[in-house]
Amino acid sequence: MQLWPACVGRIAKRPPLMLVTGGACAGEGRSVVTRQVQILAFDGMEVLDYAGPYEVFNVAGEQTSPAAFTVQAVGVSPRPAGRGGFAVVPGCQYPDAPPADILVIPGGAGTRPLMGDQALLAWIAGRAAGAELVMTVCTGALLAAAAGLLDGLAATTHHGAFGELQRAAPTATVVRGVRFVRSAPRLYTSAGVSAGVDLALHVVQELAGAEARAATETEMEWMWDRDQALLS
């Protein structure tokens, strides 16, 4: 399923980490004021892939009034455990998750077995069709590929998984050496691990403004300042 074509641009220099778990799924779903962020949690997920964007959106919500974002953990299982035993207690599992504005798909070794989970892939595809934005971190791009979201698009992932991503999405253009790619107007893919924080901050700026991003970076003391290419 192709969403939209990508075009080329750059990200300017920008001025890393508190681990957050849990978060209940609100039954009412979307708000007209506050964007609801859902982060998929599963066994074998990379900790910072999950916790980095969680922290960014959570802090951005705290730094804005009314809150620009709230964050929910949505589980593939009742108590998923990430790399090193990092445990998350999601408020609900994905079949019961209400609609959300933003879906974050982390990566990690646990993405590989999920590439054959047809129920989950159908949920991801359906959520992507209705969400304002989907962002993948690291090998979360493999799940997006398996769900048919990257066909014919530019995308990136962890440097160790470029070949896997190309095999999972043969018509995609795998981009190397960037922090993140705007694969389509409503779809971002990012490189490995820490790149998910950079992408989440970019999304905060895009949706809530530069002041919200600056306040979030200040609170987190995030000091990344490298100038690397972005497709947008």
# chains A, B, ... in the order shown; residues from 1 in each chain; ligands from 1
$ closest_atom_pairs --of "region 40-133 of chain A" --to "region 145-157 of chain A" --cutoff "12 Å" --atoms "only C-alpha atoms" --output "Markdown table"
| residue | atom | partner | partner_atom | distance |
| --- | --- | --- | --- | --- |
| A:Asp49 | CA | A:Thr157 | CA | 11.5 |
| A:Ile105 | CA | A:Ala145 | CA | 11.6 |
| A:Pro106 | CA | A:Thr157 | CA | 10.7 |
| A:Gly107 | CA | A:Thr157 | CA | 8.9 |
| A:Gly108 | CA | A:Thr157 | CA | 10.8 |
| A:Thr111 | CA | A:Ala146 | CA | 10.2 |
| A:Arg112 | CA | A:Ala146 | CA | 10.0 |
| A:Pro113 | CA | A:Ala146 | CA | 11.2 |
| A:Leu114 | CA | A:Ala146 | CA | 9.1 |
| A:Met115 | CA | A:Ala146 | CA | 5.8 |
| A:Gly116 | CA | A:Ala146 | CA | 8.0 |
| A:Asp117 | CA | A:Ala146 | CA | 9.4 |
| A:Gln118 | CA | A:Ala147 | CA | 8.4 |
| A:Ala119 | CA | A:Ala147 | CA | 10.1 |
| A:Leu120 | CA | A:Ala147 | CA | 8.6 |
| A:Leu121 | CA | A:Ala147 | CA | 4.9 |
| A:Ala122 | CA | A:Ala147 | CA | 6.7 |
| A:Trp123 | CA | A:Ala147 | CA | 8.7 |
| A:Ile124 | CA | A:Ala147 | CA | 6.7 |
| A:Ala125 | CA | A:Ala147 | CA | 5.7 |
| A:Gly126 | CA | A:Ala147 | CA | 9.4 |
| A:Arg127 | CA | A:Ala147 | CA | 10.7 |
| A:Ala128 | CA | A:Leu149 | CA | 8.1 |
| A:Ala129 | CA | A:Leu149 | CA | 9.6 |
$ closest_atom_pairs --of "region 94-185 of chain A" --to "region 52-76 of chain A" --cutoff "8 Å" --atoms "only C-alpha atoms" --output "Markdown table"
| residue | atom | partner | partner_atom | distance |
| --- | --- | --- | --- | --- |
| A:Tyr94 | CA | A:Val74 | CA | 5.5 |
| A:Ala97 | CA | A:Val74 | CA | 6.8 |
| A:Val104 | CA | A:Pro53 | CA | 7.8 |
| A:Leu120 | CA | A:Val76 | CA | 7.9 |
$ write_last_selection --atoms "N, CA, C and O atoms" --output "PDB file, in the first residue's frame"
ATOM      1  N   TYR A  94      -3.441  -4.237  21.724  1.00  0.00           N
ATOM      2  CA  TYR A  94      -3.768  -3.509  20.502  1.00  0.00           C
ATOM      3  C   TYR A  94      -5.168  -3.775  19.963  1.00  0.00           C
ATOM      4  O   TYR A  94      -5.799  -2.837  19.432  1.00  0.00           O
ATOM      5  N   ALA A  97      -7.381  -1.197  21.555  1.00  0.00           N
ATOM      6  CA  ALA A  97      -6.922   0.187  21.623  1.00  0.00           C
ATOM      7  C   ALA A  97      -7.888   1.118  20.891  1.00  0.00           C
ATOM      8  O   ALA A  97      -8.331   0.816  19.781  1.00  0.00           O
ATOM      9  N   VAL A 104       3.461   5.058  17.038  1.00  0.00           N
ATOM     10  CA  VAL A 104       4.908   4.859  17.044  1.00  0.00           C
ATOM     11  C   VAL A 104       5.180   3.357  17.082  1.00  0.00           C
ATOM     12  O   VAL A 104       4.671   2.648  17.951  1.00  0.00           O
ATOM     13  N   LEU A 120      -1.747  -8.577  13.705  1.00  0.00           N
ATOM     14  CA  LEU A 120      -1.063  -7.337  14.071  1.00  0.00           C
ATOM     15  C   LEU A 120      -0.791  -6.473  12.846  1.00  0.00           C
ATOM     16  O   LEU A 120      -0.989  -5.252  12.874  1.00  0.00           O
TER      17      LEU A 120
END
$ select_by_dssp --residues "region 101-209 of chain A" --states "alpha helix (DSSP H)" --output "MDAnalysis selection string"
chainID A and resid 111:114 118:130 140:146 162:168 195:208
$ decode --residues "region 166-179 of chain A" --atoms "N, CA and C atoms" --output "PDB file, in the first residue's frame"
ATOM      1  N   GLN A 166      15.171  -4.035   2.670  1.00  0.00           N
ATOM      2  CA  GLN A 166      15.019  -4.138   1.224  1.00  0.00           C
ATOM      3  C   GLN A 166      14.306  -5.420   0.829  1.00  0.00           C
ATOM      4  N   ARG A 167      14.595  -6.503   1.540  1.00  0.00           N
ATOM      5  CA  ARG A 167      13.905  -7.753   1.233  1.00  0.00           C
ATOM      6  C   ARG A 167      12.439  -7.711   1.642  1.00  0.00           C
ATOM      7  N   ALA A 168      12.154  -7.016   2.736  1.00  0.00           N
ATOM      8  CA  ALA A 168      10.774  -6.922   3.206  1.00  0.00           C
ATOM      9  C   ALA A 168       9.930  -6.011   2.334  1.00  0.00           C
ATOM     10  N   ALA A 169      10.575  -5.014   1.710  1.00  0.00           N
ATOM     11  CA  ALA A 169       9.867  -4.074   0.833  1.00  0.00           C
ATOM     12  C   ALA A 169      10.696  -3.897  -0.435  1.00  0.00           C
ATOM     13  N   PRO A 170      10.644  -4.853  -1.367  1.00  0.00           N
ATOM     14  CA  PRO A 170      11.527  -4.840  -2.536  1.00  0.00           C
ATOM     15  C   PRO A 170      11.410  -3.597  -3.403  1.00  0.00           C
ATOM     16  N   THR A 171      10.245  -2.942  -3.404  1.00  0.00           N
ATOM     17  CA  THR A 171      10.075  -1.745  -4.242  1.00  0.00           C
ATOM     18  C   THR A 171      10.436  -0.463  -3.513  1.00  0.00           C
ATOM     19  N   ALA A 172      10.803  -0.560  -2.247  1.00  0.00           N
ATOM     20  CA  ALA A 172      11.181   0.631  -1.487  1.00  0.00           C
ATOM     21  C   ALA A 172      12.613   1.042  -1.820  1.00  0.00           C
ATOM     22  N   THR A 173      12.919   2.317  -1.609  1.00  0.00           N
ATOM     23  CA  THR A 173      14.278   2.826  -1.713  1.00  0.00           C
ATOM     24  C   THR A 173      14.830   2.964  -0.304  1.00  0.00           C
ATOM     25  N   VAL A 174      15.815   2.151   0.043  1.00  0.00           N
ATOM     26  CA  VAL A 174      16.390   2.177   1.387  1.00  0.00           C
ATOM     27  C   VAL A 174      17.457   3.272   1.435  1.00  0.00           C
ATOM     28  N   VAL A 175      17.250   4.249   2.313  1.00  0.00           N
ATOM     29  CA  VAL A 175      18.136   5.404   2.414  1.00  0.00           C
ATOM     30  C   VAL A 175      19.105   5.197   3.564  1.00  0.00           C
ATOM     31  N   ARG A 176      20.371   5.403   3.287  1.00  0.00           N
ATOM     32  CA  ARG A 176      21.412   5.204   4.290  1.00  0.00           C
ATOM     33  C   ARG A 176      22.014   6.537   4.706  1.00  0.00           C
ATOM     34  N   GLY A 177      22.531   6.595   5.921  1.00  0.00           N
ATOM     35  CA  GLY A 177      23.265   7.769   6.362  1.00  0.00           C
ATOM     36  C   GLY A 177      22.412   8.955   6.763  1.00  0.00           C
ATOM     37  N   VAL A 178      21.138   8.740   7.069  1.00  0.00           N
ATOM     38  CA  VAL A 178      20.276   9.822   7.538  1.00  0.00           C
ATOM     39  C   VAL A 178      19.679   9.441   8.888  1.00  0.00           C
ATOM     40  N   ARG A 179      19.225  10.424   9.633  1.00  0.00           N
ATOM     41  CA  ARG A 179      18.596  10.149  10.922  1.00  0.00           C
ATOM     42  C   ARG A 179      17.158   9.705  10.736  1.00  0.00           C
TER      43      ARG A 179
END
